[in-house]
file data_24.txt (compact mmCIF, C-alpha atoms and all ligand atoms)
# COMPACT_ATOMS: atom_id res chain seq x y z
CA MET A 1309 -25.51 10.47 -8.32
CA GLY A 1310 -28.61 9.68 -10.37
CA THR A 1311 -29.70 6.44 -11.93
CA GLU A 1312 -27.49 4.01 -13.78
CA LYS A 1313 -28.92 5.35 -17.04
CA ASP A 1314 -27.80 8.87 -16.15
CA THR A 1315 -24.24 7.82 -15.51
CA ARG A 1316 -24.01 5.64 -18.59
CA THR A 1317 -25.32 8.14 -21.12
CA ASN A 1318 -24.49 11.66 -20.27
CA TYR A 1319 -26.16 13.57 -23.07
CA PHE A 1320 -26.28 17.23 -23.58
CA ASN A 1321 -26.58 19.45 -26.62
CA ILE A 1322 -24.80 22.45 -27.96
CA PHE A 1323 -27.35 24.20 -30.15
CA ASN A 1324 -25.18 25.70 -32.82
CA ASP A 1325 -27.85 27.40 -34.97
CA LYS A 1326 -29.84 24.57 -36.55
CA LYS A 1327 -27.34 21.80 -36.01
CA PRO A 1328 -27.51 20.06 -32.66
CA ILE A 1329 -24.22 18.51 -31.60
CA VAL A 1330 -24.44 15.82 -28.95
CA VAL A 1331 -21.61 15.13 -26.52
CA ARG A 1332 -21.88 11.74 -24.86
CA ARG A 1333 -19.89 8.77 -23.66
CA CYS A 1334 -18.03 6.76 -26.29
CA SER A 1335 -19.26 3.23 -27.05
CA ILE A 1336 -17.45 0.37 -28.74
CA GLU A 1337 -19.39 1.09 -31.96
CA ASP A 1338 -18.01 4.65 -31.99
CA LEU A 1339 -14.33 3.62 -32.06
CA GLU A 1340 -14.11 3.47 -35.87
CA GLY A 1341 -15.37 7.05 -36.08
CA VAL A 1342 -12.99 8.16 -33.33
CA ILE A 1343 -10.04 6.62 -35.21
CA GLU A 1344 -11.14 8.39 -38.40
CA VAL A 1345 -11.14 11.78 -36.65
CA ASN A 1346 -7.75 11.04 -35.08
CA GLU A 1347 -6.20 10.02 -38.40
CA LYS A 1348 -7.50 13.16 -40.13
CA GLU A 1349 -6.53 15.63 -37.43
CA LEU A 1350 -3.44 14.38 -35.57
CA PRO A 1351 -0.10 12.90 -36.64
CA GLU A 1352 -0.07 10.48 -33.67
CA ASP A 1353 -1.99 7.37 -34.70
CA TYR A 1354 -2.71 4.43 -32.42
CA PRO A 1355 -3.76 0.84 -33.10
CA TYR A 1356 -7.39 -0.19 -32.49
CA PHE A 1357 -6.54 -2.14 -29.31
CA PHE A 1358 -5.10 1.02 -27.76
CA TYR A 1359 -8.44 2.87 -28.11
CA LYS A 1360 -10.26 -0.26 -26.96
CA SER A 1361 -8.16 -0.58 -23.81
CA ILE A 1362 -8.72 3.11 -22.93
CA LEU A 1363 -12.45 2.56 -23.42
CA ASP A 1364 -12.41 -0.63 -21.32
CA ASN A 1365 -10.41 0.94 -18.48
CA TYR A 1366 -11.61 4.57 -18.41
CA PRO A 1367 -15.02 4.59 -20.07
CA GLU A 1368 -16.46 7.51 -18.07
CA SER A 1369 -14.05 10.09 -19.44
CA PHE A 1370 -13.94 8.82 -23.04
CA GLN A 1371 -16.37 11.21 -24.70
CA VAL A 1372 -17.43 11.81 -28.29
CA ALA A 1373 -19.20 14.63 -30.12
CA CYS A 1374 -21.67 13.60 -32.87
CA ASN A 1375 -23.40 15.68 -35.53
CA SER A 1376 -27.12 15.44 -36.28
CA ASN A 1377 -26.49 12.40 -38.54
CA GLY A 1378 -24.73 10.57 -35.73
CA LYS A 1379 -21.29 10.98 -37.32
CA ILE A 1380 -18.39 11.28 -34.87
CA ILE A 1381 -16.87 14.75 -35.28
CA GLY A 1382 -14.74 14.94 -32.13
CA TYR A 1383 -13.49 12.91 -29.19
CA ILE A 1384 -11.50 13.08 -25.98
CA MET A 1385 -9.82 10.23 -24.11
CA TRP A 1386 -7.91 10.08 -20.82
CA ARG A 1387 -6.10 7.47 -18.81
CA VAL A 1388 -5.43 7.45 -15.09
CA GLU A 1389 -1.90 6.96 -13.78
CA ARG A 1390 -0.69 6.46 -10.25
CA SER A 1391 2.74 8.02 -9.82
CA PRO A 1392 4.73 9.99 -7.24
CA ALA A 1393 4.05 13.69 -6.76
CA ILE A 1394 6.86 16.10 -7.67
CA ASN A 1395 9.18 16.57 -4.63
CA SER A 1396 7.45 13.90 -2.59
CA LEU A 1397 7.11 10.14 -2.35
CA LYS A 1398 3.36 10.45 -1.99
CA LEU A 1399 1.52 8.66 -4.78
CA MET A 1400 -0.95 10.73 -6.76
CA ASN A 1401 -3.67 9.88 -9.25
CA LYS A 1402 -3.09 11.77 -12.44
CA GLY A 1403 -5.68 12.12 -15.18
CA HIS A 1404 -3.54 12.07 -18.32
CA LEU A 1405 -5.10 13.55 -21.45
CA VAL A 1406 -4.24 11.02 -24.14
CA SER A 1407 -5.86 12.78 -27.08
CA ILE A 1408 -8.47 15.32 -28.14
CA ALA A 1409 -9.49 16.35 -31.66
CA VAL A 1410 -12.39 18.00 -33.49
CA LEU A 1411 -12.91 17.83 -37.29
CA LYS A 1412 -11.83 21.07 -38.97
CA SER A 1413 -15.26 22.05 -40.27
CA TYR A 1414 -16.69 21.88 -36.72
CA ARG A 1415 -14.04 23.90 -34.94
CA ARG A 1416 -14.39 27.16 -33.07
CA SER A 1417 -17.85 26.46 -31.77
CA GLY A 1418 -16.99 25.24 -28.29
CA ILE A 1419 -16.96 21.49 -28.96
CA ALA A 1420 -13.46 20.88 -27.57
CA ALA A 1421 -14.22 23.03 -24.54
CA THR A 1422 -17.39 20.99 -23.94
CA LEU A 1423 -15.52 17.70 -24.35
CA LEU A 1424 -12.89 18.86 -21.86
CA LEU A 1425 -15.33 20.19 -19.30
CA ASN A 1426 -17.54 17.13 -19.46
CA SER A 1427 -14.73 14.57 -19.31
CA MET A 1428 -12.88 16.38 -16.50
CA LYS A 1429 -16.06 16.22 -14.41
CA LYS A 1430 -16.29 12.49 -15.12
CA LEU A 1431 -12.63 11.93 -14.26
CA LYS A 1432 -13.28 13.06 -10.69
CA LYS A 1433 -14.89 9.64 -10.17
CA TYR A 1434 -11.40 8.18 -10.52
CA LYS A 1435 -10.27 10.36 -7.57
CA ILE A 1436 -7.86 12.47 -9.58
CA ASP A 1437 -5.38 14.78 -7.79
CA GLU A 1438 -4.09 16.40 -10.94
CA PHE A 1439 -4.81 16.65 -14.67
CA VAL A 1440 -1.75 16.41 -16.95
CA LEU A 1441 -1.03 16.54 -20.68
CA GLU A 1442 1.64 17.01 -23.32
CA VAL A 1443 1.18 19.34 -26.27
CA ARG A 1444 3.47 20.30 -29.18
CA VAL A 1445 5.16 23.63 -28.47
CA SER A 1446 3.93 24.80 -31.92
CA ASN A 1447 0.28 23.89 -31.24
CA TYR A 1448 -0.86 27.40 -30.39
CA VAL A 1449 -4.55 26.55 -30.70
CA ALA A 1450 -4.49 23.61 -28.29
CA ILE A 1451 -2.24 25.51 -25.85
CA SER A 1452 -4.81 28.37 -25.85
CA LEU A 1453 -7.56 25.88 -25.10
CA TYR A 1454 -5.65 24.37 -22.16
CA LYS A 1455 -4.75 27.82 -20.78
CA LYS A 1456 -8.41 28.72 -20.91
CA PHE A 1457 -8.96 25.78 -18.54
CA ASN A 1458 -6.16 27.10 -16.26
CA PHE A 1459 -3.55 24.50 -17.19
CA THR A 1460 -0.04 25.86 -16.65
CA THR A 1461 3.23 24.73 -18.20
CA HIS A 1462 5.19 22.64 -15.72
CA ASN A 1463 8.19 21.90 -17.93
CA ILE A 1464 9.32 21.12 -21.46
CA LYS A 1465 9.84 17.51 -22.57
CA GLU A 1466 12.67 17.66 -25.09
CA LYS A 1467 12.15 15.79 -28.38
CA TYR A 1468 8.97 14.23 -27.01
CA TYR A 1469 7.51 13.60 -30.49
CA ARG A 1470 8.89 11.21 -33.08
CA ASP A 1471 9.67 14.09 -35.46
CA GLY A 1472 11.84 15.67 -32.75
CA GLU A 1473 9.45 18.44 -31.65
CA ASN A 1474 9.39 19.40 -27.96
CA ALA A 1475 6.28 19.13 -25.78
CA TYR A 1476 5.01 21.36 -23.04
CA TYR A 1477 4.02 19.28 -20.03
CA MET A 1478 0.99 21.09 -18.65
CA THR A 1479 -0.75 20.41 -15.36
CA LEU A 1480 -3.80 21.49 -13.39
CA LYS A 1481 -4.73 20.64 -9.79
CA ALA A 1482 -8.04 18.80 -9.70
N1 LIG B 1 -7.02 30.22 -32.26
C1 LIG B 1 -6.80 30.54 -30.97
N2 LIG B 1 -7.40 29.89 -29.92
C2 LIG B 1 -8.26 28.89 -30.23
C3 LIG B 1 -8.55 28.52 -31.57
C4 LIG B 1 -7.88 29.24 -32.60
N3 LIG B 1 -8.08 28.94 -33.90
N4 LIG B 1 -9.42 27.50 -31.55
C5 LIG B 1 -9.69 27.24 -30.27
N5 LIG B 1 -8.99 28.07 -29.46
C6 LIG B 1 -8.97 28.09 -27.99
C7 LIG B 1 -9.66 29.33 -27.50
O1 LIG B 1 -9.17 29.62 -26.21
C8 LIG B 1 -11.10 28.83 -27.42
O2 LIG B 1 -11.89 29.60 -26.56
P1 LIG B 1 -12.70 30.86 -27.18
O3 LIG B 1 -13.47 30.34 -28.36
O4 LIG B 1 -13.56 31.30 -26.04
O5 LIG B 1 -11.65 31.84 -27.59
C9 LIG B 1 -10.90 27.47 -26.83
O6 LIG B 1 -9.73 26.98 -27.48
C10 LIG B 1 -12.07 26.52 -27.04
O7 LIG B 1 -12.33 26.43 -28.43
P2 LIG B 1 -13.27 25.27 -29.04
O8 LIG B 1 -14.14 25.89 -30.07
O9 LIG B 1 -13.91 24.53 -27.93
O10 LIG B 1 -12.15 24.36 -29.72
P3 LIG B 1 -12.38 23.45 -31.02
O11 LIG B 1 -13.64 22.67 -30.89
O12 LIG B 1 -12.19 24.26 -32.23
O13 LIG B 1 -11.17 22.39 -30.88
C11 LIG B 1 -8.89 21.61 -30.89
C12 LIG B 1 -9.87 22.74 -30.45
C13 LIG B 1 -9.34 20.27 -30.31
C14 LIG B 1 -7.49 21.93 -30.36
C15 LIG B 1 -8.91 21.56 -32.44
O14 LIG B 1 -8.32 22.74 -32.96
C16 LIG B 1 -8.20 20.35 -33.03
O15 LIG B 1 -8.80 19.29 -33.20
N6 LIG B 1 -6.91 20.51 -33.36
C17 LIG B 1 -6.13 19.41 -33.96
C18 LIG B 1 -5.89 18.31 -32.98
C19 LIG B 1 -5.06 18.79 -31.79
O16 LIG B 1 -4.15 19.60 -31.94
N7 LIG B 1 -5.37 18.27 -30.60
C20 LIG B 1 -4.62 18.57 -29.37
C21 LIG B 1 -3.35 17.80 -29.34
S1 LIG B 1 -2.62 17.70 -27.71
C22 LIG B 1 -3.41 16.38 -26.95
O17 LIG B 1 -4.25 15.76 -27.55
C23 LIG B 1 -3.09 16.05 -25.54
ZN ZN B 2 0.77 12.10 -22.77
call {"tool": "encode", "arguments": {"input": "data_24.txt", "output": "structure tokens"}}
result
Amino acid sequence: MGTEKDTRTNYFNIFNDKKPIVVRRCSIEDLEGVIEVNEKELPEDYPYFFYKSILDNYPESFQVACNSNGKIIGYIMWRVERSPAINSLKLMNKGHLVSIAVLKSYRRSGIAATLLLNSMKKLKKYKIDEFVLEVRVSNYVAISLYKKFNFTTHNIKEKYYRDGENAYYMTLKA
């Protein structure tokens, strides 16, 4: 749909009083800012090439939120996996939420919800059957966000995190 320009730069604004926040596709120049947000807000850190390979392979659904100075204040990234459906040999395309975070001072104004909504729309281009994610069982805030999007808990992955915490494996039909 639309011109090449439309699909490459999907801008829209959340007007949060005087400060416009822009949500758009991530570019290679944004990766440093994305890594900064990740290192501040999440214990799971990844090497640069990991972010780069997600951006190279699944650019449509790698989205960032920027403040009015162009600083990256949030991001979301997904990968697409082809694996068997539960109880069937049929292969399914799963959109796997790799990571989402928003800087503390920008939270609670709908930025994560916008990142999710926008990127899930974009993921449909990869012919997704299901969206999936893991989240720490103690991460009440993120679990609330996913429930708001109708994700349900499929099962618990025991000791999923390096510190031994369990994860909820949550899924949503696309
Ligand atoms: N308490 C309860 N529910 C909350 C809270 C909160 N403090 N914050 C957000 N939510 C839920 C609510 O359902 C909210 O909807 P509502 O405002 O209509 O009630 C919904 O999330 C959307 O809120 P947003 O304002 O869009 O969320 P925000 O921009 O604040 O970002 C996020 C949420 C990304 C979870 C943020 O708190 C964060 O960066 N946390 C640290 C990183 C993290 O935990 N990421 C998820 C890890 S799991 C993974 O990446 C697969
Ligand atoms: Zn995962």
call {"tool": "closest_residue", "arguments": {"input": "data_24.txt", "among": "A:Arg1333, A:Arg1415, A:Lys1398, A:His1462", "to": "Phe1439 in chain A", "atoms": "all atoms listed in the file"}}
result
A:His1462
call {"tool": "residues_near_ligand", "arguments": {"input": "data_24.txt", "ligand": "ligand ZN 2 (chain B)", "cutoff": "12 Å", "atoms": "all atoms listed in the file", "output": "list in words"}}
result
Glu1352, Met1385, Trp1386, Arg1387, Val1388, Glu1389, Lys1402, Gly1403, His1404, Leu1405, Val1406, Ser1407, Ile1408, Phe1439, Val1440, Leu1441, Glu1442, Val1443, Arg1444, Lys1465, Tyr1468, Tyr1469, Ala1475, Tyr1476, Tyr1477, Met1478 and Thr1479 of chain A
call {"tool": "residues_near_ligand", "arguments": {"input": "data_24.txt", "ligand": "ligand LIG 1 (chain B)", "cutoff": "8 Å", "atoms": "only C-alpha atoms and all ligand atoms", "output": "number ranges by chain"}}
result
A: 1346, 1349-1350, 1382, 1384, 1405-1412, 1414-1423, 1441-1444, 1447-1456
call {"tool": "residues_around", "arguments": {"input": "data_24.txt", "residues": "Leu1431 in chain A", "least_positions_apart": "3", "cutoff": "9 Å", "atoms": "all atoms listed in the file", "output": "PDB file with C-alpha atoms, in the frame of the given file"}}
result
ATOM      1  CA  TYR A1366     -11.610   4.570 -18.410  1.00  0.00           C
ATOM      2  CA  GLU A1368     -16.460   7.510 -18.070  1.00  0.00           C
ATOM      3  CA  SER A1369     -14.050  10.090 -19.440  1.00  0.00           C
ATOM      4  CA  TRP A1386      -7.910  10.080 -20.820  1.00  0.00           C
ATOM      5  CA  VAL A1388      -5.430   7.450 -15.090  1.00  0.00           C
ATOM      6  CA  GLY A1403      -5.680  12.120 -15.180  1.00  0.00           C
ATOM      7  CA  ASN A1426     -17.540  17.130 -19.460  1.00  0.00           C
ATOM      8  CA  SER A1427     -14.730  14.570 -19.310  1.00  0.00           C
ATOM      9  CA  MET A1428     -12.880  16.380 -16.500  1.00  0.00           C
ATOM     10  CA  TYR A1434     -11.400   8.180 -10.520  1.00  0.00           C
ATOM     11  CA  LYS A1435     -10.270  10.360  -7.570  1.00  0.00           C
ATOM     12  CA  ILE A1436      -7.860  12.470  -9.580  1.00  0.00           C
TER      13      ILE A1436
END
call {"tool": "atom_distance", "arguments": {"input": "data_24.txt", "atom1": "CA of Glu1466 in chain A", "atom2": "CA of Pro1351 in chain A"}}
result
17.9 Å
call {"tool": "atom_distance", "arguments": {"input": "data_24.txt", "atom1": "CA of Lys1432 in chain A", "atom2": "CA of Gln1371 in chain A"}}
result
14.5 Å
call {"tool": "closest_residue", "arguments": {"input": "data_24.txt", "among": "A:Val1445, A:Met1400, A:Val1345, A:Leu1425", "to": "Phe1457 in chain A", "atoms": "all atoms listed in the file"}}
result
A:Leu1425
call {"tool": "atom_distance", "arguments": {"input": "data_24.txt", "atom1": "CA of Leu1480 in chain A", "atom2": "CA of Asp1437 in chain A"}}
result
8.9 Å
call {"tool": "closest_residue", "arguments": {"input": "data_24.txt", "among": "A:Val1372, A:Ile1362, A:Ile1380, A:Ile1329", "to": "Glu1344 in chain A", "atoms": "all atoms listed in the file"}}
result
A:Ile1380
call {"tool": "closest_residue", "arguments": {"input": "data_24.txt", "among": "A:Ala1482, A:Ile1464, A:Leu1399, A:Cys1374", "to": "Val1330 in chain A", "atoms": "all atoms listed in the file"}}
result
A:Cys1374
